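Structure file final.cif with mmCIF, C-alpha atoms and all ligand atoms:
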data_data
loop_
_atom_site.label_atom_id
_atom_site.label_comp_id
_atom_site.auth_asym_id
_atom_site.auth_seq_id
_atom_site.Cartn_x
_atom_site.Cartn_y
_atom_site.Cartn_z
CA MET A 1 7.25 52.08 32.01
CA GLY A 2 9.19 55.09 30.77
CA LYS A 3 9.58 58.45 32.41
CA THR A 4 6.77 59.79 34.56
CA LEU A 5 4.96 62.87 33.31
CA ALA A 6 3.39 65.49 35.58
CA SER A 7 0.00 64.37 34.31
CA GLU A 8 0.30 60.97 35.98
CA GLN A 9 0.60 62.53 39.42
CA SER A 10 -2.55 64.67 39.11
CA SER A 11 -4.72 61.77 37.88
CA PRO A 12 -6.44 59.27 40.21
CA HIS A 13 -5.97 56.56 37.57
CA VAL A 14 -2.36 55.75 36.65
CA PRO A 15 -2.35 55.33 32.86
CA VAL A 16 -0.66 52.12 31.76
CA LEU A 17 2.02 52.09 29.05
CA LEU A 18 1.81 55.87 28.77
CA ALA A 19 5.38 56.32 27.53
CA GLU A 20 4.87 53.57 24.91
CA VAL A 21 1.61 55.13 23.72
CA LEU A 22 3.20 58.57 23.36
CA ALA A 23 6.13 57.06 21.46
CA ALA A 24 3.81 55.08 19.15
CA LEU A 25 1.82 58.19 18.22
CA GLN A 26 4.81 60.46 17.45
CA PRO A 27 5.12 63.13 16.14
CA LEU A 28 2.66 64.80 18.53
CA SER A 29 3.26 68.54 18.22
CA GLY A 30 0.34 69.94 16.19
CA ALA A 31 -1.12 66.45 15.58
CA ARG A 32 -4.86 65.68 15.83
CA ILE A 33 -5.37 62.63 18.02
CA VAL A 34 -8.52 60.72 19.02
CA ASP A 35 -8.42 59.22 22.54
CA GLY A 36 -11.24 56.70 22.17
CA THR A 37 -11.16 55.58 25.83
CA PHE A 38 -10.83 58.82 27.81
CA GLY A 39 -11.30 57.39 31.36
CA ALA A 40 -9.61 59.76 33.82
CA GLY A 41 -7.92 61.51 30.91
CA GLY A 42 -4.36 60.39 31.67
CA TYR A 43 -3.50 59.77 28.01
CA SER A 44 -5.40 62.85 26.84
CA ARG A 45 -3.56 65.13 29.28
CA ALA A 46 -0.14 63.79 28.28
CA LEU A 47 -0.99 64.14 24.57
CA LEU A 48 -2.16 67.73 25.12
CA GLU A 49 0.99 68.53 27.12
CA ALA A 50 3.03 67.19 24.19
CA GLY A 51 1.35 69.73 21.88
CA ALA A 52 -1.35 67.60 20.21
CA SER A 53 -5.00 68.53 19.97
CA VAL A 54 -7.23 65.80 21.36
CA ILE A 55 -10.76 64.66 20.63
CA ALA A 56 -11.68 62.33 23.50
CA ILE A 57 -14.52 59.80 23.55
CA ASP A 58 -15.98 57.78 26.43
CA ARG A 59 -19.32 56.07 26.95
CA ASP A 60 -19.28 56.40 30.75
CA PRO A 61 -21.01 59.61 31.92
CA SER A 62 -19.06 59.48 35.20
CA VAL A 63 -15.91 60.76 33.43
CA ALA A 64 -17.47 64.27 33.43
CA PRO A 65 -15.30 65.78 36.24
CA HIS A 66 -12.12 64.75 34.39
CA VAL A 67 -13.50 66.23 31.15
CA GLU A 68 -14.18 69.52 32.94
CA ARG A 69 -10.62 69.70 34.26
CA LEU A 70 -9.06 69.16 30.84
CA SER A 71 -11.51 71.55 29.14
CA ALA A 72 -10.45 74.24 31.63
CA ASP A 73 -6.72 73.55 31.19
CA PHE A 74 -6.76 73.17 27.37
CA PRO A 75 -9.79 75.16 26.12
CA LYS A 76 -8.50 75.45 22.54
CA THR A 77 -7.08 72.01 21.92
CA PHE A 78 -9.35 69.63 23.85
CA GLU A 79 -12.80 68.40 22.87
CA PHE A 80 -14.92 65.63 24.41
CA ILE A 81 -17.64 63.58 22.71
CA ALA A 82 -19.84 61.19 24.71
CA GLY A 83 -20.30 57.93 22.81
CA GLU A 84 -18.84 54.57 21.82
CA PHE A 85 -15.54 54.21 20.02
CA ALA A 86 -17.06 51.63 17.66
CA ALA A 87 -18.58 54.66 15.92
CA LEU A 88 -15.59 56.96 16.21
CA ASP A 89 -15.49 57.67 12.48
CA GLN A 90 -19.09 58.95 12.76
CA LEU A 91 -18.45 60.93 15.94
CA VAL A 92 -15.35 62.55 14.40
CA THR A 93 -15.65 63.64 10.80
CA GLN A 94 -12.27 65.14 9.82
CA PRO A 95 -9.30 62.75 9.32
CA VAL A 96 -6.88 62.49 12.25
CA ASP A 97 -3.19 61.72 12.70
CA GLY A 98 -3.59 59.19 15.48
CA VAL A 99 -6.04 57.09 17.46
CA VAL A 100 -5.44 55.45 20.83
CA LEU A 101 -7.67 52.80 22.40
CA ASP A 102 -6.94 51.66 25.98
CA ILE A 103 -9.25 48.66 26.14
CA GLY A 104 -11.12 47.50 29.21
CA VAL A 105 -12.40 48.78 32.49
CA SER A 106 -10.90 51.72 34.40
CA SER A 107 -9.74 51.56 38.00
CA MET A 108 -12.42 54.14 38.87
CA GLN A 109 -15.11 51.82 37.50
CA LEU A 110 -13.66 48.88 39.47
CA ASP A 111 -13.32 50.88 42.67
CA GLU A 112 -16.89 52.20 42.69
CA ALA A 113 -18.94 49.51 44.49
CA ASP A 114 -22.24 50.81 43.07
CA ARG A 115 -21.10 50.07 39.51
CA GLY A 116 -20.99 46.35 40.29
CA PHE A 117 -17.76 45.55 38.40
CA SER A 118 -15.86 44.08 41.35
CA PHE A 119 -16.52 40.79 43.15
CA MET A 120 -14.59 42.22 46.11
CA ARG A 121 -17.08 45.03 46.75
CA GLU A 122 -20.67 44.56 47.76
CA GLY A 123 -22.89 46.28 45.19
CA PRO A 124 -25.63 45.78 42.62
CA LEU A 125 -24.66 43.29 39.90
CA ASP A 126 -24.64 45.96 37.20
CA MET A 127 -21.36 46.38 35.17
CA ARG A 128 -22.84 48.71 32.54
CA MET A 129 -20.25 51.31 31.49
CA SER A 130 -22.86 53.56 29.90
CA GLY A 131 -25.60 52.78 32.44
CA GLU A 132 -27.83 51.62 29.55
CA GLY A 133 -29.02 48.22 28.33
CA ASP A 134 -29.06 44.87 30.14
CA SER A 135 -27.09 44.63 33.39
CA ALA A 136 -25.04 41.64 34.54
CA ALA A 137 -27.93 40.73 36.86
CA ASP A 138 -30.28 40.67 33.86
CA LEU A 139 -27.99 38.16 32.11
CA VAL A 140 -27.39 36.00 35.18
CA ASN A 141 -31.09 35.79 36.00
CA THR A 142 -32.50 35.23 32.51
CA LEU A 143 -30.04 33.39 30.23
CA GLU A 144 -30.61 29.68 29.58
CA GLU A 145 -28.13 27.49 31.44
CA ALA A 146 -26.27 26.49 28.24
CA GLU A 147 -26.11 30.10 27.02
CA LEU A 148 -24.68 31.24 30.34
CA ALA A 149 -22.10 28.44 30.33
CA ASN A 150 -21.03 29.33 26.78
CA LEU A 151 -20.71 33.01 27.71
CA LEU A 152 -18.51 32.23 30.73
CA PHE A 153 -16.34 29.94 28.64
CA ALA A 154 -16.04 32.18 25.57
CA TYR A 155 -15.47 35.53 27.31
CA GLY A 156 -13.82 34.37 30.54
CA GLU A 157 -12.04 31.19 29.40
CA GLU A 158 -13.67 29.65 32.50
CA ARG A 159 -13.13 25.91 32.27
CA LYS A 160 -15.69 25.21 35.00
CA SER A 161 -18.35 27.23 33.17
CA ARG A 162 -20.93 24.42 33.08
CA ARG A 163 -20.78 23.80 36.81
CA ILE A 164 -21.08 27.51 37.52
CA ALA A 165 -24.02 27.96 35.12
CA HIS A 166 -25.77 24.97 36.69
CA ALA A 167 -25.33 26.39 40.20
CA VAL A 168 -26.53 29.84 39.07
CA VAL A 169 -29.71 28.42 37.57
CA ALA A 170 -30.41 26.39 40.75
CA ALA A 171 -29.75 29.40 43.00
CA ARG A 172 -31.86 31.85 41.01
CA GLY A 173 -34.78 29.38 41.23
CA ILE A 174 -34.80 30.14 44.96
CA GLU A 175 -34.13 33.89 44.78
CA PRO A 176 -32.76 36.24 42.09
CA ILE A 177 -29.01 36.94 42.09
CA THR A 178 -28.79 40.70 42.42
CA THR A 179 -25.47 41.56 44.09
CA THR A 180 -21.77 41.13 43.29
CA THR A 181 -20.92 39.30 46.50
CA GLN A 182 -23.95 37.00 46.19
CA LEU A 183 -22.63 35.79 42.82
CA ALA A 184 -18.99 35.69 43.99
CA ARG A 185 -19.88 33.55 47.02
CA LEU A 186 -21.98 31.20 44.90
CA ILE A 187 -19.08 30.68 42.45
CA GLU A 188 -16.62 30.13 45.28
CA LYS A 189 -18.95 27.58 46.88
CA THR A 190 -19.40 25.81 43.53
CA ILE A 191 -15.83 25.52 42.27
CA GLY A 192 -13.81 26.06 45.46
CA ARG A 193 -10.80 28.23 46.04
CA LYS A 194 -7.14 27.20 46.13
CA PRO A 195 -4.73 29.21 48.30
CA GLY A 196 -2.59 31.51 46.15
CA ASP A 197 -4.92 31.37 43.13
CA ASN A 198 -6.99 34.28 41.82
CA HIS A 199 -10.48 34.55 43.28
CA PRO A 200 -12.62 31.83 41.60
CA ALA A 201 -15.09 34.51 40.39
CA THR A 202 -12.41 36.44 38.44
CA ARG A 203 -13.07 34.81 35.06
CA SER A 204 -16.86 34.83 35.40
CA PHE A 205 -16.88 38.53 36.28
CA GLN A 206 -14.65 39.31 33.30
CA ALA A 207 -16.97 37.32 31.03
CA LEU A 208 -20.11 39.06 32.26
CA ARG A 209 -18.51 42.51 31.91
CA ILE A 210 -17.44 41.77 28.33
CA ALA A 211 -20.94 40.54 27.45
CA VAL A 212 -22.79 43.41 29.17
CA ASN A 213 -20.69 46.01 27.35
CA ALA A 214 -20.38 44.13 24.02
CA GLU A 215 -16.66 44.75 24.42
CA PHE A 216 -15.44 42.49 21.61
CA ASP A 217 -17.89 43.90 19.06
CA GLN A 218 -16.82 47.39 20.14
CA LEU A 219 -13.15 46.49 19.73
CA VAL A 220 -13.53 44.96 16.26
CA GLU A 221 -15.71 47.83 15.02
CA GLY A 222 -13.46 50.41 16.71
CA LEU A 223 -10.37 49.07 14.93
CA PHE A 224 -12.00 49.28 11.50
CA ALA A 225 -13.51 52.70 12.32
CA SER A 226 -10.03 53.93 13.28
CA GLU A 227 -8.60 52.66 10.01
CA ARG A 228 -11.25 54.63 8.11
CA LEU A 229 -10.72 57.82 10.11
CA LEU A 230 -6.91 57.91 10.06
CA ASP A 231 -5.20 60.16 7.57
CA GLU A 232 -2.44 58.83 5.28
CA GLY A 233 0.49 57.80 7.52
CA GLY A 234 -1.62 58.04 10.68
CA ARG A 235 -0.93 55.85 13.72
CA LEU A 236 -3.18 53.54 15.71
CA ALA A 237 -2.14 52.49 19.24
CA VAL A 238 -4.12 49.79 21.02
CA VAL A 239 -3.48 48.81 24.64
CA THR A 240 -5.05 45.47 25.56
CA PHE A 241 -5.43 43.92 29.00
CA HIS A 242 -6.06 40.21 28.46
CA SER A 243 -5.28 37.58 25.87
CA LEU A 244 -8.72 37.61 24.19
CA GLU A 245 -8.53 41.35 23.44
CA ASP A 246 -4.90 40.94 22.44
CA ARG A 247 -5.82 38.26 19.89
CA ILE A 248 -8.45 40.51 18.27
CA ALA A 249 -6.05 43.45 18.02
CA LYS A 250 -3.15 41.38 16.64
CA ARG A 251 -5.42 39.70 14.11
CA PHE A 252 -6.57 43.11 12.89
CA PHE A 253 -3.00 44.05 12.04
CA GLU A 254 -2.50 40.85 10.03
CA PRO A 255 -4.32 41.23 6.69
CA GLU A 256 -4.29 37.50 5.91
CA LYS A 257 -6.27 36.88 9.11
CA GLY A 258 -9.07 39.32 8.45
CA GLY A 259 -7.45 42.69 9.05
CA PRO A 260 -7.47 45.52 6.51
CA ALA A 261 -6.32 44.26 3.10
CA GLN A 262 -3.79 47.03 2.59
CA SER A 263 -3.26 48.74 5.91
CA ARG A 264 -1.68 52.16 5.62
CA HIS A 265 -0.50 51.87 9.20
CA LEU A 266 2.55 50.05 10.38
CA PRO A 267 1.66 47.27 12.83
CA GLN A 268 3.92 47.25 15.88
CA THR A 269 3.57 45.14 18.99
CA VAL A 270 5.18 46.53 22.17
C1 LIG A 301 -8.84 51.55 30.80
S1 LIG A 301 -9.86 52.96 30.87
C2 LIG A 301 -8.96 54.21 30.03
C3 LIG A 301 -8.03 54.99 30.91
C4 LIG A 301 -7.39 56.15 30.20
N1 LIG A 301 -6.44 55.71 29.19
C5 LIG A 301 -6.70 57.08 31.18
O1 LIG A 301 -5.54 57.40 30.95
O2 LIG A 301 -7.32 57.49 32.16
C6 LIG A 301 -11.12 52.58 29.68
C7 LIG A 301 -12.15 53.65 29.51
O3 LIG A 301 -12.75 53.42 28.25
C8 LIG A 301 -14.14 53.52 28.35
N2 LIG A 301 -14.69 52.63 27.33
C9 LIG A 301 -14.62 51.28 27.31
N3 LIG A 301 -15.20 50.81 26.21
C10 LIG A 301 -15.64 51.88 25.51
C11 LIG A 301 -16.32 52.04 24.26
N4 LIG A 301 -16.64 50.98 23.52
N5 LIG A 301 -16.59 53.29 23.83
C12 LIG A 301 -16.25 54.37 24.58
N6 LIG A 301 -15.63 54.28 25.77
C13 LIG A 301 -15.32 53.06 26.23
C14 LIG A 301 -14.48 53.12 29.76
O4 LIG A 301 -15.70 53.71 30.15
C15 LIG A 301 -13.27 53.65 30.53
O5 LIG A 301 -13.52 54.95 31.00
#

Represent the supplied structure as C-alpha cells.
Ligand SMILES: C[S@@+](CC[C@H](N)C(=O)[O-])C[C@H]1O[C@@H](n2cnc3c(N)ncnc32)[C@H](O)[C@@H]1O
Amino acid sequence: MGKTLASEQSSPHVPVLLAEVLAALQPLSGARIVDGTFGAGGYSRALLEAGASVIAIDRDPSVAPHVERLSADFPKTFEFIAGEFAALDQLVTQPVDGVVLDIGVSSMQLDEADRGFSFMREGPLDMRMSGEGDSAADLVNTLEEAELANLLFAYGEERKSRRIAHAVVAARGIEPITTTTQLARLIEKTIGRKPGDNHPATRSFQALRIAVNAEFDQLVEGLFASERLLDEGGRLAVVTFHSLEDRIAKRFFEPEKGGPAQSRHLPQTV
C-alpha cells in the first residue's frame, strides 16, 4: 500500500488499495467521481480531500453515520444516494469522470454479529446487505438439495458441496437452521477441519452471501452501468476480493470475452 492519508486514521474500516485507487482515478482535482460502494467512506473521504466531488452509493442503511460525517465535512462536494450500484447510471444522471467499485463485504458488516455474515460470531443467519429480500436462512432452509449444492460449488468453489447440502437437508428436517454458528458447526462436523486450514465453513458462507446479495449480477450490471455513465476519457477502478469477482472484472475489460466492444477506458490491472 502507498502512503497513508489522514482519512485512513479517522475511519473504522481501513480502505484497501487506497493509494492505487487514487492513482487510477487521476486527475482528481475538480473531477466528478462516483463511489459505488461507500462503506465507511474511506475512498470517498480521500477523493474529497484530493479535490474531487463525490457522489456515493451504498445499499446498506447502516452506513448512515459515515454519510453524516462526510456531509458535514464536505457540504458542497459530497452527495449520498441510497441504492444499488447495478443501477448507478439511473441513480446518477450527469456523466462523471470516474467510478470506483470496491466489491464485497465491509469489515463493519462482518464484525456486526446481528448481520449474520460471520461464522465466527453467533447471530441470525441473515447476510442481507440491504436488509431486504431472502436471507441466508431462507435459502438454507428452503432450497432443494441439488440447488443448494450447486450454489455452494458455483459461488464458493466448495468441492464438498454435495456432502454439505446433504447434511443441511438432513439437519433442517429435525429443526430449522437459523443461526451462523449452527450452520458453521454442522459444516465442520460434516467435512472436518484440518489444523492450519481456513475454517471449513469459509467457502459456504461466501457462497451464501454472494447468492443472498446477488453479488455477481450486481457486479456485471454495475460494470456496464459505469461504462454508460462515464464521460469520454473517464476512468473505472474496480477492487475485487476473490478470484470469481476478479474473473468477472477482467473479462469485462476484454472485449473479445464479452466486455464492451469499443471501451473508451483503458483497462489496467494492478
Ligand atoms: C468493501 S466495502 C467498501 C468500503 C469502502 N471502500 C471504504 O473505504 O470504506 C463494500 C460496501 O459496498 C456496499 N455494497 C456491496 N454491494 C453493493 C451494491 N450492489 N450496491 C451498493 N452498495 C453495495 C456494501 O454494503 C459495503 O458497504

**OP:** Choose the residue, out of A:Asp217, A:Asp126, A:Glu68, A:Asp111, that has the smallest atom-to-atom separation from ligand LIG 301 (chain A); count all atoms listed in the file.
**Re:** A:Asp217

**OP:** Enter the distance from atom CA of Phe74 of chain A to atom CA of Leu22 of chain A, in Å, rounded to one decimal.
**Re:** 18.1 Å

Original post:
Within 10 Å of Lys189 of chain A, counting only C-alpha atoms, which residues qualify if same-chain residues fewer than 6 places away don't, as number ranges by chain?
Top reply: A: 164, 167, 183, 200

**OP:** Write out as an MDAnalysis selection string each polymer residue (protein, DNA or RNA) that has an atom no more than 6 Å from ligand LIG 301 (chain A), with only C-alpha atoms and all ligand atoms counted.
**Re:** chainID A and resid 13 15 37:43 57:60 83:86 102:106 129 218

Taking every listed atom of segment 80-89 of chain A and adding 8 Å to each side, what centre and edge lengths in Å (one decimal) does the axis-aligned box have, as JSON?
{"center_x": -17.6, "center_y": 58.6, "center_z": 18.6, "size_x": 21.4, "size_y": 30.0, "size_z": 28.2}

**OP:** Skip Leu152 of chain A itself and residues of its chain fewer than 5 positions away, then list as a PyMOL selection string all residues within 8 Å of it, counting only C-alpha atoms.
**Re:** chain A and resi 157-158+161+203-204+207-208

Subject >> Between atom CA of Ala184 of chain A and atom CA of Lys160 of chain A - distance in Å to one decimal >> reply: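 Result for atom CA of Lys160 of chain A versus atom CA of Ala184 of chain A: 14.2 Å, one decimal.
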
Original post:
Of the residues A:Ala136, A:Leu28, A:Val63, A:Val99, which is the one nearest to Gly234 of chain A, using all atoms listed in the file?
Top reply: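 Once distances to Gly234 of chain A are computed over all atoms listed in the file, the minimum belongs to A:Val99.
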
Original post:
Just how far from atom CA of Val67 of chain A is atom CA of Val100 of chain A, in Å to one decimal?
Top reply: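 The value is 17.0 Å.
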
Original post:
With only C-alpha atoms as the basis for distance, which of A:Ala50, A:Val96, A:Leu148, A:Val14 is at the shortest distance from Gly233 of chain A?
Top reply: A:Val96

**OP:** For each of A:Ile248, A:Ala211, A:Ile81, A:Ala31, take the minimum atom-to-atom distance to Ala154 of chain A, counting all atoms listed in the file, then give the residue where this is smallest.
**Re:**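 Ranked by minimum distance to Ala154 of chain A, first place goes to A:Ala211.
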
Subject >> Pick from A:Val16, A:Leu70, A:Leu110, A:Ile177, whichever lies nearest to Ala137 of chain A using only C-alpha atoms >> reply: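 Answer, going by the shortest atom-to-atom distance: A:Ile177.
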
Original post:
For Leu17 of chain A, which residue among A:Ala201, A:Ile33, A:Leu244, A:Ala237 is the nearest when counting only C-alpha atoms?
Top reply: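 Once distances to Leu17 of chain A are computed over only C-alpha atoms, the minimum belongs to A:Ala237.
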
File for segment 52-152 of chain A (C-alpha atoms), as a PDB file, in the first residue's frame:
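Contents of the output file out.pdb:
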ATOM      1  CA  ALA A  52     -12.878  15.757  -6.316  1.00  0.00           C
ATOM      2  CA  SER A  53     -16.615  15.986  -5.838  1.00  0.00           C
ATOM      3  CA  VAL A  54     -18.110  12.627  -4.890  1.00  0.00           C
ATOM      4  CA  ILE A  55     -21.481  11.008  -5.409  1.00  0.00           C
ATOM      5  CA  ALA A  56     -21.504   7.971  -3.114  1.00  0.00           C
ATOM      6  CA  ILE A  57     -23.850   4.989  -3.318  1.00  0.00           C
ATOM      7  CA  ASP A  58     -24.445   2.131  -0.864  1.00  0.00           C
ATOM      8  CA  ARG A  59     -27.329  -0.268  -0.351  1.00  0.00           C
ATOM      9  CA  ASP A  60     -26.676  -0.790   3.366  1.00  0.00           C
ATOM     10  CA  PRO A  61     -28.669   1.679   5.521  1.00  0.00           C
ATOM     11  CA  SER A  62     -26.177   1.212   8.382  1.00  0.00           C
ATOM     12  CA  VAL A  63     -23.631   3.440   6.584  1.00  0.00           C
ATOM     13  CA  ALA A  64     -25.697   6.490   7.664  1.00  0.00           C
ATOM     14  CA  PRO A  65     -23.343   7.736  10.448  1.00  0.00           C
ATOM     15  CA  HIS A  66     -20.415   7.783   7.994  1.00  0.00           C
ATOM     16  CA  VAL A  67     -22.557   9.647   5.444  1.00  0.00           C
ATOM     17  CA  GLU A  68     -23.425  12.257   8.068  1.00  0.00           C
ATOM     18  CA  ARG A  69     -19.767  12.838   8.903  1.00  0.00           C
ATOM     19  CA  LEU A  70     -18.758  13.384   5.283  1.00  0.00           C
ATOM     20  CA  SER A  71     -21.815  15.558   4.575  1.00  0.00           C
ATOM     21  CA  ALA A  72     -20.776  17.791   7.496  1.00  0.00           C
ATOM     22  CA  ASP A  73     -17.122  17.955   6.404  1.00  0.00           C
ATOM     23  CA  PHE A  74     -17.772  18.437   2.650  1.00  0.00           C
ATOM     24  CA  PRO A  75     -21.248  20.012   2.347  1.00  0.00           C
ATOM     25  CA  LYS A  76     -20.669  21.341  -1.186  1.00  0.00           C
ATOM     26  CA  THR A  77     -18.847  18.465  -2.829  1.00  0.00           C
ATOM     27  CA  PHE A  78     -20.335  15.321  -1.265  1.00  0.00           C
ATOM     28  CA  GLU A  79     -23.667  13.689  -2.052  1.00  0.00           C
ATOM     29  CA  PHE A  80     -25.013  10.281  -0.989  1.00  0.00           C
ATOM     30  CA  ILE A  81     -27.631   8.167  -2.770  1.00  0.00           C
ATOM     31  CA  ALA A  82     -29.042   5.013  -1.158  1.00  0.00           C
ATOM     32  CA  GLY A  83     -29.299   2.226  -3.732  1.00  0.00           C
ATOM     33  CA  GLU A  84     -27.528  -0.477  -5.715  1.00  0.00           C
ATOM     34  CA  PHE A  85     -24.573   0.222  -7.968  1.00  0.00           C
ATOM     35  CA  ALA A  86     -26.056  -2.017 -10.671  1.00  0.00           C
ATOM     36  CA  ALA A  87     -28.321   0.968 -11.382  1.00  0.00           C
ATOM     37  CA  LEU A  88     -25.728   3.685 -10.931  1.00  0.00           C
ATOM     38  CA  ASP A  89     -26.389   5.203 -14.341  1.00  0.00           C
ATOM     39  CA  GLN A  90     -30.045   5.668 -13.284  1.00  0.00           C
ATOM     40  CA  LEU A  91     -29.180   6.979  -9.823  1.00  0.00           C
ATOM     41  CA  VAL A  92     -26.693   9.476 -11.301  1.00  0.00           C
ATOM     42  CA  THR A  93     -27.794  11.254 -14.444  1.00  0.00           C
ATOM     43  CA  GLN A  94     -24.918  13.561 -15.456  1.00  0.00           C
ATOM     44  CA  PRO A  95     -21.740  11.969 -16.926  1.00  0.00           C
ATOM     45  CA  VAL A  96     -18.836  11.543 -14.496  1.00  0.00           C
ATOM     46  CA  ASP A  97     -15.043  11.442 -14.749  1.00  0.00           C
ATOM     47  CA  GLY A  98     -14.543   8.330 -12.656  1.00  0.00           C
ATOM     48  CA  VAL A  99     -16.247   5.405 -10.958  1.00  0.00           C
ATOM     49  CA  VAL A 100     -14.813   3.209  -8.216  1.00  0.00           C
ATOM     50  CA  LEU A 101     -16.286  -0.105  -7.071  1.00  0.00           C
ATOM     51  CA  ASP A 102     -14.775  -1.847  -4.020  1.00  0.00           C
ATOM     52  CA  ILE A 103     -16.516  -5.196  -4.302  1.00  0.00           C
ATOM     53  CA  GLY A 104     -17.612  -7.353  -1.400  1.00  0.00           C
ATOM     54  CA  VAL A 105     -18.486  -7.103   2.233  1.00  0.00           C
ATOM     55  CA  SER A 106     -17.158  -4.425   4.601  1.00  0.00           C
ATOM     56  CA  SER A 107     -15.372  -5.149   7.857  1.00  0.00           C
ATOM     57  CA  MET A 108     -18.240  -3.396   9.689  1.00  0.00           C
ATOM     58  CA  GLN A 109     -20.720  -5.842   8.157  1.00  0.00           C
ATOM     59  CA  LEU A 110     -18.501  -8.804   9.116  1.00  0.00           C
ATOM     60  CA  ASP A 111     -17.925  -7.533  12.647  1.00  0.00           C
ATOM     61  CA  GLU A 112     -21.608  -6.977  13.463  1.00  0.00           C
ATOM     62  CA  ALA A 113     -22.852 -10.345  14.792  1.00  0.00           C
ATOM     63  CA  ASP A 114     -26.515  -9.429  14.191  1.00  0.00           C
ATOM     64  CA  ARG A 115     -25.914  -9.127  10.436  1.00  0.00           C
ATOM     65  CA  GLY A 116     -25.080 -12.836  10.242  1.00  0.00           C
ATOM     66  CA  PHE A 117     -22.140 -12.551   7.809  1.00  0.00           C
ATOM     67  CA  SER A 118     -19.552 -14.235  10.018  1.00  0.00           C
ATOM     68  CA  PHE A 119     -19.354 -17.900  11.010  1.00  0.00           C
ATOM     69  CA  MET A 120     -17.193 -16.812  13.954  1.00  0.00           C
ATOM     70  CA  ARG A 121     -19.937 -14.758  15.593  1.00  0.00           C
ATOM     71  CA  GLU A 122     -23.184 -16.136  16.920  1.00  0.00           C
ATOM     72  CA  GLY A 123     -26.055 -14.353  15.177  1.00  0.00           C
ATOM     73  CA  PRO A 124     -29.096 -14.801  12.954  1.00  0.00           C
ATOM     74  CA  LEU A 125     -28.225 -16.391   9.589  1.00  0.00           C
ATOM     75  CA  ASP A 126     -29.105 -13.236   7.669  1.00  0.00           C
ATOM     76  CA  MET A 127     -26.339 -11.750   5.384  1.00  0.00           C
ATOM     77  CA  ARG A 128     -28.606  -9.225   3.639  1.00  0.00           C
ATOM     78  CA  MET A 129     -26.682  -6.009   2.937  1.00  0.00           C
ATOM     79  CA  SER A 130     -29.859  -4.021   2.322  1.00  0.00           C
ATOM     80  CA  GLY A 131     -31.954  -5.858   4.922  1.00  0.00           C
ATOM     81  CA  GLU A 132     -34.435  -6.768   2.156  1.00  0.00           C
ATOM     82  CA  GLY A 133     -35.275  -9.979   0.293  1.00  0.00           C
ATOM     83  CA  ASP A 134     -34.458 -13.582   1.201  1.00  0.00           C
ATOM     84  CA  SER A 135     -31.941 -14.146   3.998  1.00  0.00           C
ATOM     85  CA  ALA A 136     -29.272 -16.855   4.089  1.00  0.00           C
ATOM     86  CA  ALA A 137     -31.531 -18.806   6.473  1.00  0.00           C
ATOM     87  CA  ASP A 138     -34.334 -18.659   3.882  1.00  0.00           C
ATOM     88  CA  LEU A 139     -32.016 -20.224   1.275  1.00  0.00           C
ATOM     89  CA  VAL A 140     -30.547 -22.849   3.605  1.00  0.00           C
ATOM     90  CA  ASN A 141     -33.973 -23.955   4.831  1.00  0.00           C
ATOM     91  CA  THR A 142     -35.863 -23.993   1.524  1.00  0.00           C
ATOM     92  CA  LEU A 143     -33.574 -24.769  -1.442  1.00  0.00           C
ATOM     93  CA  GLU A 144     -33.655 -28.271  -2.917  1.00  0.00           C
ATOM     94  CA  GLU A 145     -30.572 -30.293  -2.001  1.00  0.00           C
ATOM     95  CA  ALA A 146     -29.167 -30.174  -5.564  1.00  0.00           C
ATOM     96  CA  GLU A 147     -29.796 -26.428  -5.862  1.00  0.00           C
ATOM     97  CA  LEU A 148     -28.004 -25.789  -2.583  1.00  0.00           C
ATOM     98  CA  ALA A 149     -25.059 -27.962  -3.623  1.00  0.00           C
ATOM     99  CA  ASN A 150     -24.776 -26.120  -6.952  1.00  0.00           C
ATOM    100  CA  LEU A 151     -24.890 -22.745  -5.189  1.00  0.00           C
ATOM    101  CA  LEU A 152     -22.099 -23.722  -2.768  1.00  0.00           C
TER     102      LEU A 152
END
